[in-house]
Amino acid sequence: MSDNTSAPPAAWPLVALFTAGYVAPYLLPTVVGRLDSHLPLSPAQAGLVGTALLLGSATAGFTLASRIPRRGPRSLARLGLLLAALGYGTAASTSLLPLVVAGVVVGGFGSGSATAVAAAGIAGHRDPHRVSSLGLLSVSATVGALYLTLPHLGGGHGLPFAAIALVAALAWPATGRLGGPTRPGPAVRGSGRPPYPRAGAVLAGCLLFWSLTQEALWGVSGRIGAEQAGLSEAALGAVFAVALGAGLLGVTGASAFGTRLGRAVPIGAGTAAIAGCVVLTSSADGLTGFAAGEILWNAVYPVVLSYVIGLAAALDPRGRWAVFAGAASSLGTACGPVVGSLLAEAFGFPGMGLVLGGLLLAVAGPLTVVALHAGRSAADGTGVPDLRIEAPAAAVLPAPGPGKPRRVLLLSPAARRSRDRRRDASGV
């Protein structure tokens with residue numbers, strides 16, 4: 001038997017890494033707002049700093065996509081958490097712009113590394129949808145608590161960065177439960193590219209624009225609430241916290257419901273619903289409209305994201321499409337604040353919402369098609385690799401001769417079902 005065969009990773013270390021990787025993008029409105037308020041930066045310049053953070057995260061995903069099995073998730077996760085703690089800690093402890101920007105980029109790379117390791121591990125888990133839902137629950141709860149707490153702890157640009165660094169440090173013990181480097185066995189050695197290249201490329205490309213629209217609105221949500229809806233920082237924090245609480249309820253429901261409807265309906269219908277929420281939020285001129293748009297949006301967004309993560313895992317259980325899709329998502333997220341600011345300056349907040357809503361509707365169709373393709377592949381057995389694990393069976397069958405233990409090929413359940421269908425069709 002190959003010595004690289006191991007059980008799927010435990011859920012809670014992946015949830016901890018997922019939380020440490022995603023907390024920075026979720027806190028971006030507060031990060032950008034405080035950079036604008038407490039450092040000599042314009043709103044557009046503060047948005048560029050946020051973009052630098054997210055570009056660092058995207059770079060980590062693209063860099064590590066094929067290196068996680070060889071290097072091992074434990075070492076890469078520890079490197080990512082260390083870079084996140086050092087980078088964000090540096091940004092929190094100084095007001096010198098070059099050091100702040102450098103710390104933000106380093107911290108972003110660390111966040112992206114943690115996210116990449118978590119995505120690869122979730123894809124290899126027995127129930128990726130459940131684990132991704134738990135990760136989103138953890139992120140929403142953590143960031144919701146921060147949104148409620150940070151406004152009462154004082155001003156300054158460094159507080160959100162310090163909170164992100166603390167979350168990274170708290171996730172460090174979870175890395176002890178991750179595995180080390182693995183050597184590909186005969187079943188997977190030589191498979192250089194992920195399966196379903198067209199579907200995976202479409203998924204990654206659509207997810208880039210899908211995430212861009214989310215972050216374009218998220219990056220200027222603080223400005224919409226303050227400038228157009230007339231809310232204070234404390235009121236904004238309360239709205240964001242309630243919205244993230246709605247996300248908790250949404251993800252809990254999605255986790256309990258599972259994939260009974262498949263992935264196509266939640267992804268397609270959910271993306272269309274998000275488009276409506278984007279238009280509602282960007283056109284709000286008071287507390288009621290703004291809060292309704294934010295709460296509905298944040299209730300649906302993590303639900304759809306959990307199904308998208310499960311879709312990427314279904315395309316490649318080794319996790320490569322999950323990491324590539326996550327990196328594409330980070331790239332879109334990185335461009336979001338700048339795109340949102342440019343659209344808001346050109347068309348105003350309501351016009352920005354219409355453009356973003358139209359873009360979401362445009363990618364909903366291809367995403368649904370990919371989800372349908374993955375669902376058909378899983379149904380006919382082609383969506384799961386035909387893995388054959390060579391294992392000694394001396395404990396069950398007698399050996400044919402001294403010193404020559406008999407070896408058998410054990411088919412995976414999906415491969416066995418496919419074999420039985422072929423036999424039934426041929427009448428054998």
# chains A, B, ... in the order shown; residues from 1 in each chain; ligands from 1
>>> closest_atom_pairs(of="segment 99-131 of chain A", to="segment 20-40 of chain A", cutoff="8 Å", atoms="only C-alpha atoms", output="Markdown table")
| residue | atom | partner | partner_atom | distance |
| --- | --- | --- | --- | --- |
| A:Gly108 | CA | A:Ala24 | CA | 7.9 |
| A:Gly110 | CA | A:Gly21 | CA | 7.7 |
| A:Ser111 | CA | A:Gly21 | CA | 4.2 |
| A:Gly112 | CA | A:Gly21 | CA | 6.0 |
| A:Ser113 | CA | A:Gly21 | CA | 7.5 |
| A:Ala114 | CA | A:Gly21 | CA | 5.2 |
| A:Thr115 | CA | A:Gly21 | CA | 4.7 |
>>> write_last_selection(atoms="all heavy atoms", output="mmCIF file, in the first residue's frame")
data_model
loop_
_atom_site.group_PDB
_atom_site.id
_atom_site.type_symbol
_atom_site.label_atom_id
_atom_site.label_comp_id
_atom_site.auth_asym_id
_atom_site.auth_seq_id
_atom_site.Cartn_x
_atom_site.Cartn_y
_atom_site.Cartn_z
ATOM 1 N N GLY A 108 -1.664 40.177 3.849
ATOM 2 C CA GLY A 108 -2.578 39.625 2.860
ATOM 3 C C GLY A 108 -2.083 38.314 2.285
ATOM 4 O O GLY A 108 -2.863 37.376 2.079
ATOM 5 N N GLY A 110 -0.218 36.210 3.851
ATOM 6 C CA GLY A 110 -0.431 35.224 4.903
ATOM 7 C C GLY A 110 -1.878 34.767 4.976
ATOM 8 O O GLY A 110 -2.156 33.571 5.105
ATOM 9 N N SER A 111 -2.826 35.719 4.863
ATOM 10 C CA SER A 111 -4.243 35.345 4.864
ATOM 11 C C SER A 111 -4.561 34.432 3.690
ATOM 12 O O SER A 111 -5.286 33.435 3.831
ATOM 13 C CB SER A 111 -5.115 36.603 4.792
ATOM 14 O OG SER A 111 -4.991 37.384 5.961
ATOM 15 N N GLY A 112 -4.022 34.767 2.505
ATOM 16 C CA GLY A 112 -4.270 33.935 1.338
ATOM 17 C C GLY A 112 -3.684 32.540 1.477
ATOM 18 O O GLY A 112 -4.269 31.557 1.001
ATOM 19 N N SER A 113 -2.536 32.428 2.130
ATOM 20 C CA SER A 113 -1.937 31.111 2.355
ATOM 21 C C SER A 113 -2.821 30.261 3.253
ATOM 22 O O SER A 113 -3.051 29.072 2.978
ATOM 23 C CB SER A 113 -0.545 31.274 2.982
ATOM 24 O OG SER A 113 0.310 32.034 2.149
ATOM 25 N N ALA A 114 -3.326 30.855 4.322
ATOM 26 C CA ALA A 114 -4.222 30.112 5.213
ATOM 27 C C ALA A 114 -5.487 29.691 4.474
ATOM 28 O O ALA A 114 -5.974 28.557 4.628
ATOM 29 C CB ALA A 114 -4.572 30.973 6.427
ATOM 30 N N THR A 115 -6.040 30.590 3.653
ATOM 31 C CA THR A 115 -7.243 30.264 2.897
ATOM 32 C C THR A 115 -6.984 29.140 1.907
ATOM 33 O O THR A 115 -7.814 28.243 1.727
ATOM 34 C CB THR A 115 -7.747 31.514 2.152
ATOM 35 O OG1 THR A 115 -8.008 32.566 3.100
ATOM 36 C CG2 THR A 115 -9.017 31.217 1.389
#
>>> residues_around(residues="Val202 of chain A", least_positions_apart="5", cutoff="9 Å", atoms="only C-alpha atoms", output="MDAnalysis selection string")
chainID A and resid 197 207 366:367 370
>>> atom_distance(atom1="atom CA of Ser95 of chain A", atom2="atom CA of Leu83 of chain A")
19.4 Å
>>> closest_residue(among="A:Ala91, A:Ala241, A:Val251, A:Leu82", to="Leu150 of chain A", atoms="only C-alpha atoms")
A:Ala241
>>> closest_residue(among="A:Ser57, A:Ser132, A:Ser283, A:Ser93", to="Ala322 of chain A", atoms="only C-alpha atoms")
A:Ser132
>>> residues_around(residues="Ser232 of chain A", least_positions_apart="5", cutoff="12 Å", atoms="only C-alpha atoms", output="MDAnalysis selection string")
chainID A and resid 151 222:227 237:239 286:287
>>> write_last_selection(atoms="C-alpha atoms", output="short mmCIF file (atom, residue, chain, number, x, y, z; two decimals), in the first residue's frame")
data_model
loop_
_atom_site.label_atom_id
_atom_site.label_comp_id
_atom_site.auth_asym_id
_atom_site.auth_seq_id
_atom_site.Cartn_x
_atom_site.Cartn_y
_atom_site.Cartn_z
CA PRO A 151 -16.16 51.07 17.71
CA GLY A 222 -19.46 52.23 4.90
CA ARG A 223 -19.57 55.29 2.63
CA ILE A 224 -23.11 54.51 1.50
CA GLY A 225 -24.25 54.20 5.09
CA ALA A 226 -22.45 57.34 6.27
CA GLU A 227 -22.85 59.67 3.28
CA GLY A 237 -21.21 48.70 13.10
CA ALA A 238 -24.56 47.58 14.49
CA VAL A 239 -26.02 47.14 10.99
CA GLY A 286 -32.06 55.95 5.14
CA LEU A 287 -31.56 53.39 7.88
#
>>> residues_around(residues="Ala116 of chain A", least_positions_apart="2", cutoff="9 Å", atoms="only C-alpha atoms", output="list of chain:residue names")
A:Phe18, A:Gly21, A:Ala60, A:Gly61, A:Phe62, A:Leu64, A:Ala65, A:Ile68, A:Ala77, A:Ser111, A:Gly112, A:Ser113, A:Ala114, A:Ala118, A:Ala119, A:Ala120, A:Gly121, A:Ala322, A:Val323, A:Phe324, A:Gly326, A:Ala327
>>> write_last_selection(atoms="all heavy atoms", output="compact mmCIF listing (two decimals), in the first residue's frame")
# COMPACT_ATOMS: atom_id res chain seq x y z
N PHE A 18 -9.72 28.61 7.88
CA PHE A 18 -10.67 29.34 7.05
C PHE A 18 -11.02 30.68 7.69
O PHE A 18 -11.06 31.72 7.02
CB PHE A 18 -11.93 28.47 6.89
CG PHE A 18 -12.89 28.95 5.85
CD1 PHE A 18 -12.86 28.45 4.57
CD2 PHE A 18 -13.87 29.89 6.17
CE1 PHE A 18 -13.76 28.88 3.60
CE2 PHE A 18 -14.77 30.32 5.22
CZ PHE A 18 -14.72 29.82 3.93
N GLY A 21 -8.11 33.13 7.49
CA GLY A 21 -7.89 33.64 6.14
C GLY A 21 -8.93 34.63 5.68
O GLY A 21 -8.63 35.58 4.95
N ALA A 60 -1.03 34.59 -3.10
CA ALA A 60 -0.74 33.38 -2.33
C ALA A 60 -1.51 32.19 -2.89
O ALA A 60 -0.97 31.08 -3.01
CB ALA A 60 -1.11 33.60 -0.86
N GLY A 61 -2.78 32.40 -3.24
CA GLY A 61 -3.57 31.29 -3.77
C GLY A 61 -3.01 30.74 -5.06
O GLY A 61 -2.87 29.53 -5.24
N PHE A 62 -2.68 31.62 -6.01
CA PHE A 62 -2.13 31.16 -7.28
C PHE A 62 -0.75 30.52 -7.09
O PHE A 62 -0.39 29.59 -7.80
CB PHE A 62 -2.02 32.33 -8.27
CG PHE A 62 -3.35 32.77 -8.81
CD1 PHE A 62 -3.83 34.05 -8.57
CD2 PHE A 62 -4.13 31.91 -9.56
CE1 PHE A 62 -5.05 34.45 -9.09
CE2 PHE A 62 -5.35 32.31 -10.08
CZ PHE A 62 -5.82 33.58 -9.84
N LEU A 64 0.39 28.87 -4.39
CA LEU A 64 0.40 27.64 -3.60
C LEU A 64 -0.51 26.55 -4.13
O LEU A 64 -0.52 25.45 -3.57
CB LEU A 64 -0.01 27.96 -2.15
CG LEU A 64 0.85 28.98 -1.41
CD1 LEU A 64 0.30 29.22 -0.02
CD2 LEU A 64 2.29 28.50 -1.33
N ALA A 65 -1.25 26.82 -5.20
CA ALA A 65 -2.26 25.87 -5.66
C ALA A 65 -1.70 24.47 -5.88
O ALA A 65 -2.32 23.47 -5.53
CB ALA A 65 -2.92 26.39 -6.94
N ILE A 68 0.74 22.57 -2.24
CA ILE A 68 0.29 22.15 -0.92
C ILE A 68 0.58 20.68 -0.65
O ILE A 68 1.10 20.34 0.43
CB ILE A 68 -1.22 22.47 -0.75
CG1 ILE A 68 -1.42 23.99 -0.75
CG2 ILE A 68 -1.76 21.87 0.54
CD1 ILE A 68 -2.86 24.41 -0.74
N ALA A 77 0.51 26.29 6.28
CA ALA A 77 -0.44 26.98 7.16
C ALA A 77 0.29 27.79 8.23
O ALA A 77 -0.07 28.94 8.51
CB ALA A 77 -1.38 25.97 7.81
N SER A 111 -2.83 35.72 4.86
CA SER A 111 -4.24 35.35 4.86
C SER A 111 -4.56 34.43 3.69
O SER A 111 -5.29 33.44 3.83
CB SER A 111 -5.11 36.60 4.79
OG SER A 111 -4.99 37.38 5.96
N GLY A 112 -4.02 34.77 2.51
CA GLY A 112 -4.27 33.93 1.34
C GLY A 112 -3.68 32.54 1.48
O GLY A 112 -4.27 31.56 1.00
N SER A 113 -2.54 32.43 2.13
CA SER A 113 -1.94 31.11 2.36
C SER A 113 -2.82 30.26 3.25
O SER A 113 -3.05 29.07 2.98
CB SER A 113 -0.54 31.27 2.98
OG SER A 113 0.31 32.03 2.15
N ALA A 114 -3.33 30.86 4.32
CA ALA A 114 -4.22 30.11 5.21
C ALA A 114 -5.49 29.69 4.47
O ALA A 114 -5.97 28.56 4.63
CB ALA A 114 -4.57 30.97 6.43
N ALA A 118 -6.78 25.83 3.71
CA ALA A 118 -8.12 25.45 4.16
C ALA A 118 -8.96 24.95 2.99
O ALA A 118 -9.68 23.95 3.10
CB ALA A 118 -8.80 26.63 4.84
N ALA A 119 -8.88 25.64 1.84
CA ALA A 119 -9.67 25.23 0.67
C ALA A 119 -9.28 23.85 0.19
O ALA A 119 -10.14 23.02 -0.14
CB ALA A 119 -9.50 26.25 -0.45
N ALA A 120 -7.98 23.58 0.12
CA ALA A 120 -7.52 22.25 -0.31
C ALA A 120 -7.98 21.18 0.67
O ALA A 120 -8.40 20.09 0.26
CB ALA A 120 -6.00 22.24 -0.46
N GLY A 121 -7.89 21.46 1.95
CA GLY A 121 -8.33 20.48 2.94
C GLY A 121 -9.82 20.25 2.90
O GLY A 121 -10.30 19.11 3.04
N ALA A 322 -10.46 24.05 -6.08
CA ALA A 322 -10.87 24.85 -4.92
C ALA A 322 -9.87 25.96 -4.64
O ALA A 322 -10.25 27.10 -4.36
CB ALA A 322 -11.03 23.95 -3.70
N VAL A 323 -8.56 25.65 -4.75
CA VAL A 323 -7.54 26.66 -4.51
C VAL A 323 -7.51 27.68 -5.64
O VAL A 323 -7.44 28.89 -5.41
CB VAL A 323 -6.16 26.00 -4.33
CG1 VAL A 323 -5.09 27.07 -4.13
CG2 VAL A 323 -6.18 25.06 -3.13
N PHE A 324 -7.58 27.21 -6.90
CA PHE A 324 -7.59 28.14 -8.03
C PHE A 324 -8.81 29.05 -7.99
O PHE A 324 -8.71 30.26 -8.23
CB PHE A 324 -7.57 27.37 -9.36
CG PHE A 324 -6.20 26.91 -9.77
CD1 PHE A 324 -5.96 25.58 -10.07
CD2 PHE A 324 -5.15 27.81 -9.87
CE1 PHE A 324 -4.69 25.15 -10.45
CE2 PHE A 324 -3.88 27.39 -10.24
CZ PHE A 324 -3.66 26.06 -10.53
N GLY A 326 -10.51 29.83 -5.33
CA GLY A 326 -10.33 30.76 -4.22
C GLY A 326 -9.39 31.90 -4.57
O GLY A 326 -9.61 33.04 -4.18
N ALA A 327 -8.32 31.58 -5.32
CA ALA A 327 -7.39 32.63 -5.75
C ALA A 327 -8.06 33.60 -6.72
O ALA A 327 -7.86 34.82 -6.64
CB ALA A 327 -6.15 32.01 -6.38
>>> residues_around(residues="Arg260 of chain A", least_positions_apart="6", cutoff="12 Å", atoms="only C-alpha atoms", output="PyMOL selection string")
chain A and resi 129+254+266+307+375
>>> closest_residue(among="A:Leu331, A:Ala85, A:Ala246, A:Ala162", to="Glu215 of chain A", atoms="only C-alpha atoms")
A:Leu331
>>> atom_distance(atom1="atom CA of Ser42 of chain A", atom2="atom CA of Leu236 of chain A")
20.2 Å
>>> select_by_dssp(residues="segment 106-161 of chain A", states="helix (DSSP H, G or I)", output="PyMOL selection string")
chain A and resi 106-123+128-152+158-161
>>> atom_distance(atom1="atom CA of Val220 of chain A", atom2="atom CA of Gly247 of chain A")
19.2 Å
